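model.cif (mmCIF, N, CA and C atoms) appears below.
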data_final
loop_
_atom_site.label_atom_id
_atom_site.label_comp_id
_atom_site.auth_asym_id
_atom_site.auth_seq_id
_atom_site.Cartn_x
_atom_site.Cartn_y
_atom_site.Cartn_z
N MET U 1 0.82 -1.19 0.00
CA MET U 1 0.00 0.00 0.00
C MET U 1 0.87 1.27 0.00
N ALA U 2 2.04 1.21 0.65
CA ALA U 2 2.88 2.39 0.76
C ALA U 2 3.61 2.74 -0.54
N GLN U 3 3.96 1.74 -1.33
CA GLN U 3 4.74 2.01 -2.54
C GLN U 3 4.00 2.92 -3.53
N PRO U 4 2.73 2.65 -3.85
CA PRO U 4 2.03 3.57 -4.77
C PRO U 4 1.89 4.98 -4.19
N LEU U 5 1.70 5.10 -2.89
CA LEU U 5 1.61 6.42 -2.26
C LEU U 5 2.94 7.17 -2.37
N PHE U 6 4.03 6.45 -2.13
CA PHE U 6 5.36 7.04 -2.27
C PHE U 6 5.61 7.48 -3.72
N GLN U 7 5.24 6.64 -4.67
CA GLN U 7 5.45 6.98 -6.09
C GLN U 7 4.63 8.20 -6.48
N ARG U 8 3.43 8.30 -5.93
CA ARG U 8 2.59 9.48 -6.21
C ARG U 8 3.26 10.74 -5.67
N PHE U 9 3.83 10.65 -4.46
CA PHE U 9 4.55 11.77 -3.88
C PHE U 9 5.73 12.19 -4.76
N VAL U 10 6.51 11.20 -5.22
CA VAL U 10 7.66 11.49 -6.09
C VAL U 10 7.19 12.14 -7.39
N ASP U 11 6.13 11.61 -7.97
CA ASP U 11 5.59 12.18 -9.22
C ASP U 11 5.15 13.64 -9.02
N GLN U 12 4.47 13.92 -7.92
CA GLN U 12 4.01 15.28 -7.67
C GLN U 12 5.19 16.22 -7.40
N LEU U 13 6.19 15.72 -6.70
CA LEU U 13 7.38 16.52 -6.45
C LEU U 13 8.08 16.87 -7.75
N GLN U 14 8.15 15.91 -8.68
CA GLN U 14 8.76 16.17 -9.99
C GLN U 14 7.97 17.22 -10.75
N ASP U 15 6.65 17.15 -10.66
CA ASP U 15 5.81 18.15 -11.34
C ASP U 15 6.08 19.55 -10.78
N VAL U 16 6.17 19.67 -9.46
CA VAL U 16 6.38 20.97 -8.83
C VAL U 16 7.77 21.51 -9.15
N LEU U 17 8.79 20.64 -9.10
CA LEU U 17 10.16 21.08 -9.33
C LEU U 17 10.49 21.23 -10.81
N GLY U 18 9.76 20.52 -11.65
CA GLY U 18 10.03 20.56 -13.08
C GLY U 18 11.28 19.80 -13.48
N GLN U 19 11.68 18.85 -12.67
CA GLN U 19 12.85 18.02 -12.99
C GLN U 19 12.71 16.65 -12.34
N GLU U 20 13.53 15.72 -12.80
CA GLU U 20 13.49 14.36 -12.28
C GLU U 20 13.98 14.33 -10.83
N VAL U 21 13.29 13.53 -10.00
CA VAL U 21 13.68 13.33 -8.61
C VAL U 21 14.13 11.88 -8.47
N GLN U 22 15.35 11.68 -8.04
CA GLN U 22 15.86 10.32 -7.85
C GLN U 22 15.31 9.75 -6.56
N SER U 23 14.83 8.52 -6.60
CA SER U 23 14.21 7.94 -5.41
C SER U 23 14.82 6.60 -5.00
N GLY U 24 15.70 6.04 -5.79
CA GLY U 24 16.33 4.77 -5.40
C GLY U 24 15.35 3.61 -5.44
N VAL U 25 15.59 2.61 -4.59
CA VAL U 25 14.76 1.41 -4.54
C VAL U 25 13.86 1.50 -3.32
N PHE U 26 12.55 1.44 -3.54
CA PHE U 26 11.60 1.55 -2.44
C PHE U 26 11.81 0.41 -1.45
N GLY U 27 11.91 0.75 -0.17
CA GLY U 27 12.04 -0.25 0.89
C GLY U 27 13.43 -0.80 1.07
N ALA U 28 14.42 -0.28 0.35
CA ALA U 28 15.79 -0.77 0.46
C ALA U 28 16.39 -0.35 1.80
N ASP U 29 17.32 -1.16 2.29
CA ASP U 29 18.03 -0.84 3.52
C ASP U 29 19.06 0.24 3.22
N MET U 30 19.15 1.24 4.09
CA MET U 30 20.07 2.35 3.86
C MET U 30 20.97 2.55 5.07
N LEU U 31 22.20 2.87 4.82
CA LEU U 31 23.14 3.24 5.86
C LEU U 31 23.37 4.73 5.74
N VAL U 32 23.04 5.48 6.78
CA VAL U 32 23.11 6.93 6.74
C VAL U 32 24.12 7.42 7.77
N HIS U 33 25.00 8.31 7.36
CA HIS U 33 25.97 8.93 8.26
C HIS U 33 25.52 10.36 8.51
N LEU U 34 25.42 10.73 9.78
CA LEU U 34 24.91 12.04 10.15
C LEU U 34 26.01 12.86 10.80
N VAL U 35 26.15 14.09 10.34
CA VAL U 35 27.02 15.06 11.00
C VAL U 35 26.09 16.14 11.54
N ASN U 36 25.98 16.21 12.86
CA ASN U 36 25.06 17.14 13.49
C ASN U 36 25.69 18.53 13.56
N ASP U 37 24.95 19.53 13.07
CA ASP U 37 25.45 20.90 13.12
C ASP U 37 24.37 21.81 13.70
N GLY U 38 23.68 21.31 14.71
CA GLY U 38 22.60 22.10 15.30
C GLY U 38 22.50 21.85 16.79
N PRO U 39 21.60 22.54 17.44
CA PRO U 39 21.48 22.43 18.89
C PRO U 39 20.76 21.17 19.37
N VAL U 40 20.01 20.49 18.48
CA VAL U 40 19.21 19.34 18.92
C VAL U 40 19.30 18.21 17.91
N THR U 41 19.45 16.98 18.41
CA THR U 41 19.35 15.79 17.57
C THR U 41 18.32 14.87 18.20
N ILE U 42 17.35 14.43 17.43
CA ILE U 42 16.33 13.51 17.92
C ILE U 42 16.53 12.19 17.18
N SER U 43 16.75 11.13 17.94
CA SER U 43 16.95 9.80 17.36
C SER U 43 15.73 8.95 17.64
N ILE U 44 15.14 8.38 16.58
CA ILE U 44 13.96 7.54 16.72
C ILE U 44 14.30 6.15 16.21
N ASP U 45 14.16 5.15 17.08
CA ASP U 45 14.41 3.76 16.71
C ASP U 45 13.06 3.07 16.60
N SER U 46 12.61 2.82 15.37
CA SER U 46 11.28 2.24 15.17
C SER U 46 11.22 0.77 15.55
N ARG U 47 12.35 0.16 15.85
CA ARG U 47 12.36 -1.25 16.25
C ARG U 47 12.05 -1.42 17.73
N ARG U 48 12.06 -0.33 18.51
CA ARG U 48 11.78 -0.40 19.94
C ARG U 48 10.33 0.04 20.18
N PRO U 49 9.50 -0.82 20.76
CA PRO U 49 8.08 -0.51 20.92
C PRO U 49 7.75 0.48 22.05
N GLU U 50 8.72 1.00 22.75
CA GLU U 50 8.49 1.88 23.90
C GLU U 50 7.91 3.22 23.51
#
Could you spell out this file's structure in structure tokens?
Amino acid sequence: MAQPLFQRFVDQLQDVLGQEVQSGVFGADMLVHLVNDGPVTISIDSRRPE
């Protein structure tokens, strides 16, 4: 159910920007490196039910 909604969002974003938006592979695992340059960082771990 989420993939068509995501694709619709990407399509609308492309229409607004007037250029192609790269989206990669839906649902793929990603490794992200963060360099914090602000006063607050909020970390959310969706694997923890608390």
ask   = How many Å separate atom N of Gly27 of chain U from atom C of Gln14 of chain U?
value = 20.0 Å
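The coordinates place atom N of Ser23 of chain U at 8.5 Å from atom C of Val10 of chain U.
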request  = Rounded to one decimal place, report the atom CA of Ala2 of chain U-atom CA of Phe26 of chain U distance in Å.
outcome  =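 Interatomic distance here is 9.3 Å.
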ask   = What lies within 8 Å of Asp11 of chain U using only N, CA and C atoms, ignoring chain neighbours under 6 positions off, as JSON, numbers by chain?
value = {"U": [5, 17, 21]}
ask   = Can you list every residue in chain U that DSSP puts in alpha helix (DSSP H), as a ChimeraX atom specification?
value = /U:2-17
